[in-house]
Each structure stands twice: as structure tokens, then as C-alpha cells.
>>> print(open('data11.pdb').read())   # PDB, C-alpha atoms
MODEL        1
ATOM      1  CA  MET I   6      32.833 -19.020  -1.718
ATOM      2  CA  LYS I   7      34.750 -20.107   1.391
ATOM      3  CA  LYS I   8      36.925 -17.018   1.108
ATOM      4  CA  LEU I   9      33.886 -14.789   0.879
ATOM      5  CA  PHE I  10      32.326 -16.487   3.888
ATOM      6  CA  ALA I  11      35.552 -16.099   5.848
ATOM      7  CA  LYS I  12      35.728 -12.449   4.864
ATOM      8  CA  ILE I  13      32.168 -11.834   6.037
ATOM      9  CA  TRP I  14      32.867 -13.754   9.230
ATOM     10  CA  GLY I  15      35.897 -11.553   9.782
ATOM     11  CA  ILE I  16      33.787  -8.409  10.023
ATOM     12  CA  THR I  17      33.816  -7.148  13.588
ATOM     13  CA  ASN I  18      30.662  -6.542  15.608
ATOM     14  CA  GLU I  19      31.417  -2.807  15.660
ATOM     15  CA  GLN I  20      31.522  -2.766  11.867
ATOM     16  CA  LEU I  21      28.286  -4.763  11.681
ATOM     17  CA  ILE I  22      26.532  -2.334  14.025
ATOM     18  CA  ARG I  23      27.809   0.680  12.115
ATOM     19  CA  ALA I  24      26.540  -0.833   8.866
ATOM     20  CA  ALA I  25      23.209  -1.532  10.568
ATOM     21  CA  CYS I  26      22.999   2.103  11.719
ATOM     22  CA  VAL I  27      23.709   3.431   8.215
ATOM     23  CA  LEU I  28      21.176   1.053   6.660
ATOM     24  CA  GLY I  29      18.660   2.054   9.326
ATOM     25  CA  LEU I  30      19.177   5.726   8.514
ATOM     26  CA  VAL I  31      18.579   4.956   4.824
ATOM     27  CA  ALA I  32      15.470   2.870   5.540
ATOM     28  CA  LEU I  33      13.719   5.282   7.922
ATOM     29  CA  PRO I  34      13.047   8.131   5.466
ATOM     30  CA  LEU I  35      11.998   5.641   2.784
ATOM     31  CA  MET I  36       9.449   4.132   5.167
ATOM     32  CA  VAL I  37       8.123   7.458   6.467
ATOM     33  CA  ALA I  38       8.020   9.150   3.038
ATOM     34  CA  SER I  39       4.691   7.438   2.327
ATOM     35  CA  VAL I  40       3.198   9.201   5.366
ATOM     36  CA  VAL I  41       4.423  12.633   4.307
ATOM     37  CA  LEU I  42       3.909  12.294   0.529
ATOM     38  CA  PRO I  43       1.338   9.572  -0.006
ATOM     39  CA  ASN I  44       1.272   8.443  -3.630
ATOM     40  CA  VAL I  45       1.751   5.200  -5.531
ATOM     41  CA  TRP I  46       5.524   5.342  -5.668
ATOM     42  CA  THR I  47       6.264   6.350  -2.071
ATOM     43  CA  VAL I  48       3.851   3.725  -0.732
ATOM     44  CA  LEU I  49       5.342   1.041  -2.984
ATOM     45  CA  ILE I  50       8.910   1.969  -2.074
ATOM     46  CA  ALA I  51       8.050   2.132   1.636
ATOM     47  CA  LEU I  52       6.454  -1.298   1.572
ATOM     48  CA  SER I  53       9.237  -2.936  -0.439
ATOM     49  CA  VAL I  54      12.668  -1.272  -0.537
ATOM     50  CA  GLY I  55      12.283   0.641   2.751
ATOM     51  CA  GLN I  56      11.202  -2.369   4.721
ATOM     52  CA  ALA I  57      13.759  -4.670   3.084
ATOM     53  CA  ILE I  58      16.616  -2.327   4.046
ATOM     54  CA  GLY I  59      15.135  -1.846   7.524
ATOM     55  CA  THR I  60      14.863  -5.601   8.027
ATOM     56  CA  LEU I  61      18.444  -6.107   6.833
ATOM     57  CA  SER I  62      19.592  -3.447   9.289
ATOM     58  CA  PHE I  63      17.826  -5.177  12.197
ATOM     59  CA  LEU I  64      19.215  -8.568  11.095
ATOM     60  CA  LEU I  65      22.774  -7.216  11.183
ATOM     61  CA  TYR I  66      22.137  -6.026  14.726
ATOM     62  CA  LEU I  67      20.785  -9.452  15.733
ATOM     63  CA  ILE I  68      23.821 -11.178  14.168
ATOM     64  CA  ALA I  69      26.125  -8.883  16.134
ATOM     65  CA  VAL I  70      24.262  -9.625  19.375
ATOM     66  CA  ALA I  71      24.270 -13.372  18.676
ATOM     67  CA  ARG I  72      28.016 -13.302  18.002
ATOM     68  CA  ASP I  73      28.624 -11.230  21.096
ATOM     69  CA  LEU I  74      26.714 -13.682  23.259
ATOM     70  CA  GLU I  75      28.522 -16.586  21.522
ATOM     71  CA  ILE I  76      25.189 -18.278  20.955
ATOM     72  CA  VAL I  77      26.505 -20.726  18.323
ATOM     73  CA  ARG I  78      29.350 -21.918  20.567
ATOM     74  CA  ARG I  79      26.993 -22.316  23.500
ATOM     75  CA  LEU I  80      24.542 -24.328  21.425
ATOM     76  CA  ARG I  81      27.354 -26.590  20.189
ATOM     77  CA  GLY I  82      28.565 -27.012  23.763
ATOM     78  CA  ALA I  83      25.094 -27.926  24.916
ATOM     79  CA  ARG I  84      24.796 -30.553  22.145
ATOM     80  CA  LYS I  85      28.175 -32.092  23.050
ATOM     81  CA  SER I  86      27.249 -32.326  26.713
ATOM     82  CA  ASP I  87      24.028 -34.159  25.708
TER      83      ASP I  87
ATOM     84  CA  MET L 247       0.573  14.336   5.809
ATOM     85  CA  SER L 248      -1.484  11.205   6.083
ATOM     86  CA  THR L 249      -4.737  10.379   4.356
ATOM     87  CA  GLY L 250      -7.856  12.343   3.812
ATOM     88  CA  ASP L 251      -8.342  15.703   5.400
ATOM     89  CA  GLY L 252      -6.219  15.755   8.539
ATOM     90  CA  ILE L 253      -3.111  14.547  10.266
ATOM     91  CA  ASP L 254      -3.981  11.523  12.329
ATOM     92  CA  TRP L 255      -2.155  10.265  15.391
ATOM     93  CA  VAL L 256      -0.888   7.164  13.547
ATOM     94  CA  ALA L 257       1.026   9.389  11.132
ATOM     95  CA  TRP L 258       2.448  11.410  14.008
ATOM     96  CA  LEU L 259       3.510   8.231  15.798
ATOM     97  CA  SER L 260       5.256   7.034  12.650
ATOM     98  CA  GLY L 261       7.191  10.280  12.290
ATOM     99  CA  ALA L 262       8.058  10.492  15.990
ATOM    100  CA  SER L 263       9.327   6.886  16.062
ATOM    101  CA  ALA L 264      11.449   7.499  12.969
ATOM    102  CA  LEU L 265      12.931  10.644  14.495
ATOM    103  CA  ALA L 266      13.701   8.866  17.768
ATOM    104  CA  ALA L 267      15.340   5.984  15.905
ATOM    105  CA  ALA L 268      17.346   8.352  13.708
ATOM    106  CA  GLY L 269      18.516  10.248  16.801
ATOM    107  CA  ILE L 270      19.806   7.082  18.433
ATOM    108  CA  LEU L 271      21.521   5.872  15.250
ATOM    109  CA  VAL L 272      23.214   9.199  14.524
ATOM    110  CA  THR L 273      24.373   9.442  18.150
ATOM    111  CA  HIS L 274      25.850   5.951  17.911
ATOM    112  CA  LEU L 275      27.623   6.714  14.642
ATOM    113  CA  VAL L 276      29.068   9.951  16.027
ATOM    114  CA  ARG L 277      30.097   8.734  19.470
ATOM    115  CA  ARG L 278      31.116   5.219  18.408
ATOM    116  CA  PRO L 279      30.876   3.596  21.838
ATOM    117  CA  ARG L 280      32.828   0.344  22.168
ATOM    118  CA  LEU L 281      30.632  -2.737  22.325
ATOM    119  CA  ASP L 282      33.130  -4.579  24.552
ATOM    120  CA  ALA L 283      33.205  -1.794  27.129
ATOM    121  CA  GLU L 284      31.671  -2.121  30.577
ATOM    122  CA  ASN L 285      28.450  -0.377  29.584
ATOM    123  CA  LYS L 286      27.933  -2.542  26.488
ATOM    124  CA  THR L 287      24.526  -3.766  27.707
ATOM    125  CA  ASN L 288      23.314  -0.165  27.780
ATOM    126  CA  THR L 289      24.632   0.412  24.273
ATOM    127  CA  LYS L 290      22.945  -2.718  22.983
ATOM    128  CA  LEU L 291      19.655  -1.729  24.597
ATOM    129  CA  TRP L 292      19.806   1.702  22.975
ATOM    130  CA  LEU L 293      20.563   0.025  19.661
ATOM    131  CA  LEU L 294      17.653  -2.356  20.180
ATOM    132  CA  LEU L 295      15.448   0.727  20.426
ATOM    133  CA  GLY L 296      17.122   2.480  17.487
ATOM    134  CA  LEU L 297      17.332  -0.508  15.136
ATOM    135  CA  GLY L 298      14.383  -2.576  16.339
ATOM    136  CA  VAL L 299      11.600  -1.087  18.429
ATOM    137  CA  PHE L 300      11.332   2.414  16.934
ATOM    138  CA  PRO L 301      11.826   1.435  13.260
ATOM    139  CA  ILE L 302       9.307  -1.417  13.595
ATOM    140  CA  THR L 303       6.808   0.996  15.176
ATOM    141  CA  SER L 304       7.504   3.506  12.430
ATOM    142  CA  ALA L 305       7.165   0.904   9.667
ATOM    143  CA  GLY L 306       3.978  -0.543  11.157
ATOM    144  CA  THR L 307       2.267   2.819  11.529
ATOM    145  CA  ALA L 308       3.500   3.937   8.095
ATOM    146  CA  ASN L 309       1.979   0.734   6.683
ATOM    147  CA  ILE L 310      -1.382   1.561   8.258
ATOM    148  CA  THR L 311      -1.257   5.090   6.838
ATOM    149  CA  GLY L 312      -0.055   3.809   3.457
ATOM    150  CA  PHE L 313      -2.773   1.180   3.190
ATOM    151  CA  LYS L 314      -5.409   3.750   4.173
ATOM    152  CA  GLU L 315      -4.071   6.058   1.498
ATOM    153  CA  THR L 316      -4.400   3.309  -1.131
ATOM    154  CA  GLN L 317      -8.168   3.531  -0.621
ATOM    155  CA  SER L 318      -8.385   7.201  -1.540
ATOM    156  CA  ARG L 319      -9.458   8.596  -4.915
ATOM    157  CA  ARG L 320      -6.364  10.790  -4.895
ATOM    158  CA  PHE L 321      -4.212   7.639  -4.825
ATOM    159  CA  CYS L 322      -6.157   5.924  -7.626
ATOM    160  CA  GLY L 323      -5.922   9.072  -9.722
ATOM    161  CA  SER L 324      -2.173   9.405  -9.275
ATOM    162  CA  CYS L 325      -1.624   7.170 -12.343
ATOM    163  CA  HIS L 326      -2.223   9.431 -15.341
ATOM    164  CA  VAL L 327      -4.514   6.956 -17.102
ATOM    165  CA  MET L 328      -6.949   7.282 -14.185
ATOM    166  CA  GLU L 329      -7.069  11.088 -14.293
ATOM    167  CA  PRO L 330     -10.310  11.282 -16.333
ATOM    168  CA  HIS L 331     -12.007   8.943 -13.847
ATOM    169  CA  ARG L 332     -10.758  10.977 -10.887
ATOM    170  CA  ASP L 333     -11.644  14.323 -12.449
ATOM    171  CA  ASP L 334     -15.142  13.103 -13.262
ATOM    172  CA  SER L 335     -15.649  12.026  -9.641
ATOM    173  CA  ASN L 336     -14.335  15.387  -8.459
ATOM    174  CA  ASN L 337     -16.706  17.272 -10.768
ATOM    175  CA  PRO L 338     -19.695  18.494  -8.707
ATOM    176  CA  ASN L 339     -21.768  18.891 -11.880
ATOM    177  CA  SER L 340     -21.155  15.416 -13.264
ATOM    178  CA  THR L 341     -24.134  13.053 -13.320
ATOM    179  CA  SER L 342     -22.145   9.869 -13.869
ATOM    180  CA  LEU L 343     -22.676   6.986 -11.437
ATOM    181  CA  ALA L 344     -19.121   7.436 -10.126
ATOM    182  CA  ALA L 345     -19.627  11.152  -9.445
ATOM    183  CA  ILE L 346     -23.030  10.644  -7.831
ATOM    184  CA  HIS L 347     -21.507   8.093  -5.471
ATOM    185  CA  ALA L 348     -18.521  10.358  -4.754
ATOM    186  CA  ARG L 349     -20.936  13.037  -3.533
ATOM    187  CA  ASN L 350     -22.441  10.538  -1.090
ATOM    188  CA  ASP L 351     -20.776  10.668   2.336
ATOM    189  CA  ALA L 352     -20.808   6.870   2.569
ATOM    190  CA  PHE L 353     -18.354   6.768  -0.373
ATOM    191  CA  GLY L 354     -16.821  10.227  -0.399
ATOM    192  CA  SER L 355     -13.129  10.415  -1.151
ATOM    193  CA  GLU L 356     -12.917   6.604  -1.169
ATOM    194  CA  ASN L 357     -15.551   6.023  -3.852
ATOM    195  CA  CYS L 358     -13.187   4.138  -6.201
ATOM    196  CA  TYR L 359     -12.284   1.648  -3.498
ATOM    197  CA  SER L 360     -15.828   1.363  -2.119
ATOM    198  CA  CYS L 361     -17.264   0.275  -5.475
ATOM    199  CA  HIS L 362     -14.330  -1.722  -6.888
ATOM    200  CA  LYS L 363     -13.193  -3.612  -3.791
ATOM    201  CA  ASP L 364     -13.862  -7.303  -3.411
ATOM    202  CA  TYR L 365     -16.230  -8.076  -0.607
ATOM    203  CA  GLY L 366     -15.924 -11.155   1.561
ATOM    204  CA  MET L 367     -13.514 -12.544   4.102
ATOM    205  CA  TYR L 368     -10.363 -12.073   2.054
ATOM    206  CA  GLY L 369     -11.687  -9.077   0.153
ATOM    207  CA  TYR L 370      -9.096  -6.611   1.384
ATOM    208  CA  VAL L 371      -6.178  -8.882   0.523
ATOM    209  CA  MET L 372      -7.646  -9.809  -2.870
ATOM    210  CA  THR L 373      -8.278  -6.146  -3.681
ATOM    211  CA  LYS L 374      -4.692  -5.235  -2.851
ATOM    212  CA  TRP L 375      -3.436  -8.209  -4.862
ATOM    213  CA  GLY L 376      -5.456  -6.995  -7.844
ATOM    214  CA  GLY L 377      -4.102  -3.491  -7.302
ATOM    215  CA  MET L 378      -0.542  -4.801  -7.522
ATOM    216  CA  GLY L 379      -1.472  -6.250 -10.902
ATOM    217  CA  HIS L 380      -2.629  -2.798 -12.001
ATOM    218  CA  VAL L 381       0.670  -1.287 -10.867
ATOM    219  CA  TYR L 382       2.567  -3.961 -12.821
ATOM    220  CA  TRP L 383       0.588  -3.279 -15.998
ATOM    221  CA  TYR L 384       1.015   0.441 -15.539
ATOM    222  CA  LEU L 385       4.782   0.122 -15.177
ATOM    223  CA  THR L 386       5.226  -2.310 -18.047
ATOM    224  CA  LYS L 387       2.564  -1.255 -20.534
ATOM    225  CA  TYR L 388       0.662   1.949 -19.891
ATOM    226  CA  HIS L 389       3.212   4.233 -18.266
ATOM    227  CA  SER L 390       3.895   6.269 -21.403
ATOM    228  CA  MET L 391       0.548   5.814 -23.099
ATOM    229  CA  PRO L 392      -1.092   9.098 -24.177
ATOM    230  CA  LEU L 393      -4.411   9.839 -22.497
ATOM    231  CA  GLU L 394      -6.362   9.666 -25.773
ATOM    232  CA  GLU L 395      -5.024   6.179 -26.372
ATOM    233  CA  SER L 396      -5.582   5.003 -22.812
ATOM    234  CA  ASN L 397      -9.167   6.297 -22.863
ATOM    235  CA  HIS L 398      -9.684   4.320 -26.039
ATOM    236  CA  ASP L 399      -7.986   1.090 -25.052
ATOM    237  CA  ILE L 400      -7.951   0.589 -21.283
ATOM    238  CA  ARG L 401     -11.021  -1.038 -19.829
ATOM    239  CA  ILE L 402     -11.792  -2.720 -16.537
ATOM    240  CA  ASN L 403     -10.186  -6.169 -16.298
ATOM    241  CA  ARG L 404     -13.423  -7.912 -15.321
ATOM    242  CA  PRO L 405     -16.858  -6.296 -15.505
ATOM    243  CA  LEU L 406     -17.918  -4.865 -12.168
ATOM    244  CA  PRO L 407     -20.163  -7.521 -10.639
ATOM    245  CA  ASN L 408     -23.676  -6.463  -9.651
ATOM    246  CA  ALA L 409     -22.894  -7.960  -6.246
ATOM    247  CA  ASN L 410     -20.752  -4.891  -5.571
ATOM    248  CA  CYS L 411     -23.755  -2.618  -6.207
ATOM    249  CA  MET L 412     -25.986  -4.956  -4.211
ATOM    250  CA  HIS L 413     -23.770  -4.546  -1.185
ATOM    251  CA  CYS L 414     -25.750  -1.314  -0.609
ATOM    252  CA  HIS L 415     -28.661  -1.624  -3.062
ATOM    253  CA  THR L 416     -29.843  -4.981  -1.790
ATOM    254  CA  THR L 417     -32.609  -5.431  -4.398
ATOM    255  CA  THR L 418     -34.975  -6.432  -1.599
ATOM    256  CA  GLY L 419     -36.262  -3.048  -0.410
ATOM    257  CA  PRO L 420     -39.871  -2.145  -1.284
ATOM    258  CA  ARG L 421     -38.808   1.208  -2.747
ATOM    259  CA  TRP L 422     -36.280  -0.439  -5.035
ATOM    260  CA  LEU L 423     -38.777  -3.118  -6.072
ATOM    261  CA  SER L 424     -41.458  -0.519  -6.761
ATOM    262  CA  VAL L 425     -39.482   0.622  -9.828
ATOM    263  CA  SER L 426     -40.997  -1.350 -12.680
ATOM    264  CA  ASP L 427     -37.667  -1.841 -14.517
ATOM    265  CA  HIS L 428     -36.143  -3.240 -11.351
ATOM    266  CA  ALA L 429     -39.006  -5.643 -10.804
ATOM    267  CA  SER L 430     -38.958  -6.871 -14.403
ATOM    268  CA  SER L 431     -35.210  -7.477 -14.444
ATOM    269  CA  LEU L 432     -34.827  -8.704 -10.883
ATOM    270  CA  GLU L 433     -33.596 -12.207 -11.694
ATOM    271  CA  ALA L 434     -31.155 -10.991 -14.358
ATOM    272  CA  VAL L 435     -29.738  -8.354 -11.997
ATOM    273  CA  ARG L 436     -29.286 -10.823  -9.159
ATOM    274  CA  ALA L 437     -27.748 -13.413 -11.485
ATOM    275  CA  GLY L 438     -25.389 -10.786 -12.856
ATOM    276  CA  THR L 439     -26.452 -11.321 -16.476
ATOM    277  CA  MET L 440     -27.612  -7.704 -16.776
ATOM    278  CA  SER L 441     -25.274  -5.020 -15.504
ATOM    279  CA  CYS L 442     -26.656  -2.180 -13.377
ATOM    280  CA  ALA L 443     -24.022   0.072 -14.973
ATOM    281  CA  SER L 444     -25.026  -0.463 -18.592
ATOM    282  CA  PRO L 445     -26.468   1.959 -21.139
ATOM    283  CA  GLY L 446     -29.989   0.503 -20.906
ATOM    284  CA  CYS L 447     -30.073   0.839 -17.116
ATOM    285  CA  HIS L 448     -28.110   3.396 -15.064
ATOM    286  CA  GLY L 449     -25.524   4.089 -17.741
ATOM    287  CA  TYR L 450     -21.766   3.612 -17.607
ATOM    288  CA  ALA L 451     -20.180   4.430 -14.281
ATOM    289  CA  HIS L 452     -17.430   6.359 -16.092
ATOM    290  CA  PRO L 453     -19.032   7.646 -19.324
ATOM    291  CA  VAL L 454     -16.255  10.205 -19.725
ATOM    292  CA  THR L 455     -13.890   7.416 -20.759
ATOM    293  CA  LYS L 456     -16.311   5.637 -23.060
ATOM    294  CA  ILE L 457     -15.006   7.293 -26.173
ATOM    295  CA  GLY L 458     -13.116   4.363 -27.623
ATOM    296  CA  LYS L 459     -13.933   0.711 -27.967
ATOM    297  CA  GLU L 460     -17.624   1.133 -27.288
ATOM    298  CA  LEU L 461     -18.050   3.715 -30.050
ATOM    299  CA  ASP L 462     -15.888   1.676 -32.405
ATOM    300  CA  ALA L 463     -18.097  -1.332 -31.785
ATOM    301  CA  GLY L 464     -21.191   0.753 -32.478
ATOM    302  CA  ALA L 465     -19.742   2.103 -35.723
ATOM    303  CA  GLY L 466     -19.244  -1.327 -37.286
ATOM    304  CA  PRO L 467     -20.346  -2.214 -40.842
TER     305      PRO L 467
ENDMDL
END
>>> encode(input="data11.pdb", output="C-alpha cells")
Amino acid sequence: MKKLFAKIWGITNEQLIRAACVLGLVALPLMVASVVLPNVWTVLIALSVGQAIGTLSFLLYLIAVARDLEIVRRLRGARKSD
Amino acid sequence: MSTGDGIDWVAWLSGASALAAAGILVTHLVRRPRLDAENKTNTKLWLLLGLGVFPITSAGTANITGFKETQSRRFCGSCHVMEPHRDDSNNPNSTSLAAIHARNDAFGSENCYSCHKDYGMYGYVMTKWGGMGHVYWYLTKYHSMPLEESNHDIRINRPLPNANCMHCHTTTGPRWLSVSDHASSLEAVRAGTMSCASPGCHGYAHPVTKIGKELDAGAGP
């Protein structure tokens, strides 16, 4: 588990952003398909799979930004100084 | 594209946002700008648009369009077991309650939803929750069921409450009360013990599907 965590932590921000872009490109057509072809399956997929992948893509971006801004280290530093 | 008869601006906004987001993402993947370069703030702002703002706009507007579509008869009829109900409503010569209501502009192409939805504060949410149950049953039980069998076996989960009819037909208007059968059964109708959509009154709302259990029950020993 630790190894897996370390491996994930070792992923660079560039790689995270690229993954986010690919996931975003997968999610967008799934979400918009229900507008173009409205039926049970496209609406269901848009509201579940499409949005889940889209959310994951945005989360990866936020993780990359948080790592870039060193938010965790800054928060730890702020706690120590308290 | 979109619900009903035309392309509405919400659907256009959804498509435009998705295109804008896709453009930004493809550009980023092709150009691969370094995030530690001097212009990294610009890159991150573009990515915020491409991964956050535009996709969220697209998803939100697609949700609105999708939820609107779930109210249409076309949507209800897209499961094969609902085809007889949909076709009956589409039939201009049908005299069933469902078809008569479908020809009324107040119900129109959303007549399934208008009659079957739950009214009240949480009605929309409860209706959608119930609809998810229907999708689950369809996927797990009725997906491959032949139409003859589904017409015979599938019936509404709970009888349609008279309250749904009374949302429009209030049972208080003088014209309604002037009908002797209405006046004599007023209490039973309001209490829900006598259904408006029963053979003795206005008939089944979907008589085209009443070829199974009801006839079997009538043909008992």
C-alpha cells in the first residue's frame, strides 16, 4: 500500500495534468451526448459515468495546482509556527 | 438536439462550452507547455477554463436538457415495454384517457410525466427517484421481455392516486359537480377509494395494455 502511495506521489504535475486532459476529453462527449441524442441511456451515462470522469479530471487538476503551490507544506509550516 | 420541437439556447451553450473545453485540452496535449516555465500562471488559468469552468458549464446545461428530456413521452417510450403506451398517446384517433390528455396542450408531449409525477414540495425529486427504480427493473428484469408478455404482466407499481387527476379536475367546479355520477361518488373520489381511471368511470388510462391480468381475473372459475 505504501509502495502504491509512493508511486502515485511520484507522478509529476505534468503527467497529472496530461491525464486530466485525456479524462476531460473522454468525459465531454459523454456529457454532451445526452443533448444531441436524448434517450434513456445517453442521459443515464451523462449523469453518471460522464460526470464521474469529468469530476476526476478536475480533481487531478486541483491536486496538481495544490502540489505546485505546496499547500500541504505551507499548512504544516503554519501549524508549527502556531 | 435538445428536447421537444426545437434547439434551445441551453443546448447550444452546452455544446459550445464542450467545444471550447475540448479545444483548450487538445491544444495543451499537443503543445505540452511546461508548468514550471515563466508563463505557468497563464497555462494554469487556461487549464482552469478547460478542465473546470467550461466542462462544469457544459455538464450543468446538459443536465438541464437531460432532465427536461426525461419529462417527454419520447423518453418514456424509449423502453420497449412502454411502446404500446406511447403509441396509444401518439394515436390521434385513440379515445383512451392518456391519448385525450396528450391532445391537450397543457399536457402535450409531456403527458406521461404530467399525470404520473408526484406533486408537492419534493415531487420532482421523488418522481426522478421512482424513475430510477423503473430503470433498475428494466435493466434487471424486463429488458428482454417480449411485448406480449410485458403487456400481460407489467402494471403500474402503485395505482395512480386520484389526487393526480384532481390537480386539474379539482372536484369543486359547478360543471364537474353537475354530473350526477360525480356528485354521487364525490366522497369516494376524494378519499381515493374509487379510481377515476376505472372501468365503471372513465375507463383505464391505457386500455391498449389491458389484455393480460385484468382479463385473466375476469375469466376465473
>>> interface_residues(input="data11.pdb", of="chain L", to="chain I", cutoff="9 Å", atoms="all atoms listed in the file", output="ChimeraX atom specification")
/L:247-249,257-258,260-261,264-265,267-268,270-272,274-275,278-282,290,293-294,296-298,301-302,304-305,307-309,311-313,315-316,320-322,324-325,381
>>> atom_distance(input="data11.pdb", atom1="atom CA of L:Ser431", atom2="atom CA of L:Arg401")
25.6 Å
>>> resolve_selection(input="data11.pdb", expression="the PyMOL selection byres ((chain L and resi 346) around 12)", output="PDB file with C-alpha atoms, in the frame of the given file")
ATOM      1  CA  ASP L 334     -15.142  13.103 -13.262  1.00  0.00           C
ATOM      2  CA  SER L 335     -15.649  12.026  -9.641  1.00  0.00           C
ATOM      3  CA  ASN L 336     -14.335  15.387  -8.459  1.00  0.00           C
ATOM      4  CA  ASN L 337     -16.706  17.272 -10.768  1.00  0.00           C
ATOM      5  CA  PRO L 338     -19.695  18.494  -8.707  1.00  0.00           C
ATOM      6  CA  ASN L 339     -21.768  18.891 -11.880  1.00  0.00           C
ATOM      7  CA  SER L 340     -21.155  15.416 -13.264  1.00  0.00           C
ATOM      8  CA  THR L 341     -24.134  13.053 -13.320  1.00  0.00           C
ATOM      9  CA  SER L 342     -22.145   9.869 -13.869  1.00  0.00           C
ATOM     10  CA  LEU L 343     -22.676   6.986 -11.437  1.00  0.00           C
ATOM     11  CA  ALA L 344     -19.121   7.436 -10.126  1.00  0.00           C
ATOM     12  CA  ALA L 345     -19.627  11.152  -9.445  1.00  0.00           C
ATOM     13  CA  HIS L 347     -21.507   8.093  -5.471  1.00  0.00           C
ATOM     14  CA  ALA L 348     -18.521  10.358  -4.754  1.00  0.00           C
ATOM     15  CA  ARG L 349     -20.936  13.037  -3.533  1.00  0.00           C
ATOM     16  CA  ASN L 350     -22.441  10.538  -1.090  1.00  0.00           C
ATOM     17  CA  ASP L 351     -20.776  10.668   2.336  1.00  0.00           C
ATOM     18  CA  ALA L 352     -20.808   6.870   2.569  1.00  0.00           C
ATOM     19  CA  PHE L 353     -18.354   6.768  -0.373  1.00  0.00           C
ATOM     20  CA  GLY L 354     -16.821  10.227  -0.399  1.00  0.00           C
ATOM     21  CA  SER L 355     -13.129  10.415  -1.151  1.00  0.00           C
ATOM     22  CA  ASN L 357     -15.551   6.023  -3.852  1.00  0.00           C
ATOM     23  CA  CYS L 358     -13.187   4.138  -6.201  1.00  0.00           C
ATOM     24  CA  HIS L 448     -28.110   3.396 -15.064  1.00  0.00           C
ATOM     25  CA  ALA L 451     -20.180   4.430 -14.281  1.00  0.00           C
ATOM     26  CA  HIS L 452     -17.430   6.359 -16.092  1.00  0.00           C
TER      27      HIS L 452
END
>>> atom_distance(input="data11.pdb", atom1="atom CA of L:His362", atom2="atom CA of L:Ser396")
19.4 Å
>>> resolve_selection(input="data11.pdb", expression="the PyMOL selection byres ((chain L and resi 408) around 8)", output="MDAnalysis selection string")
chainID L and resid 406:407 409:412 435:436 438 441:442
>>> atom_distance(input="data11.pdb", atom1="atom CA of L:His331", atom2="atom CA of L:Thr373")
18.6 Å
>>> axis_aligned_box(input="data11.pdb", around="stretch 66-70 of chain I", padding_each_side="4 Å", output="JSON")
{"center_x": 23.5, "center_y": -8.6, "center_z": 16.8, "size_x": 13.3, "size_y": 13.2, "size_z": 13.2}
>>> closest_residue(input="data11.pdb", among="L:Asp333, L:Val454, L:Tyr359, L:Asp427", to="L:Ser318", atoms="all atoms listed in the file")
L:Tyr359
>>> closest_residue(input="data11.pdb", among="L:Val276, L:Thr416, L:Tyr382, L:Arg332", to="L:His428", atoms="all atoms listed in the file")
L:Thr416
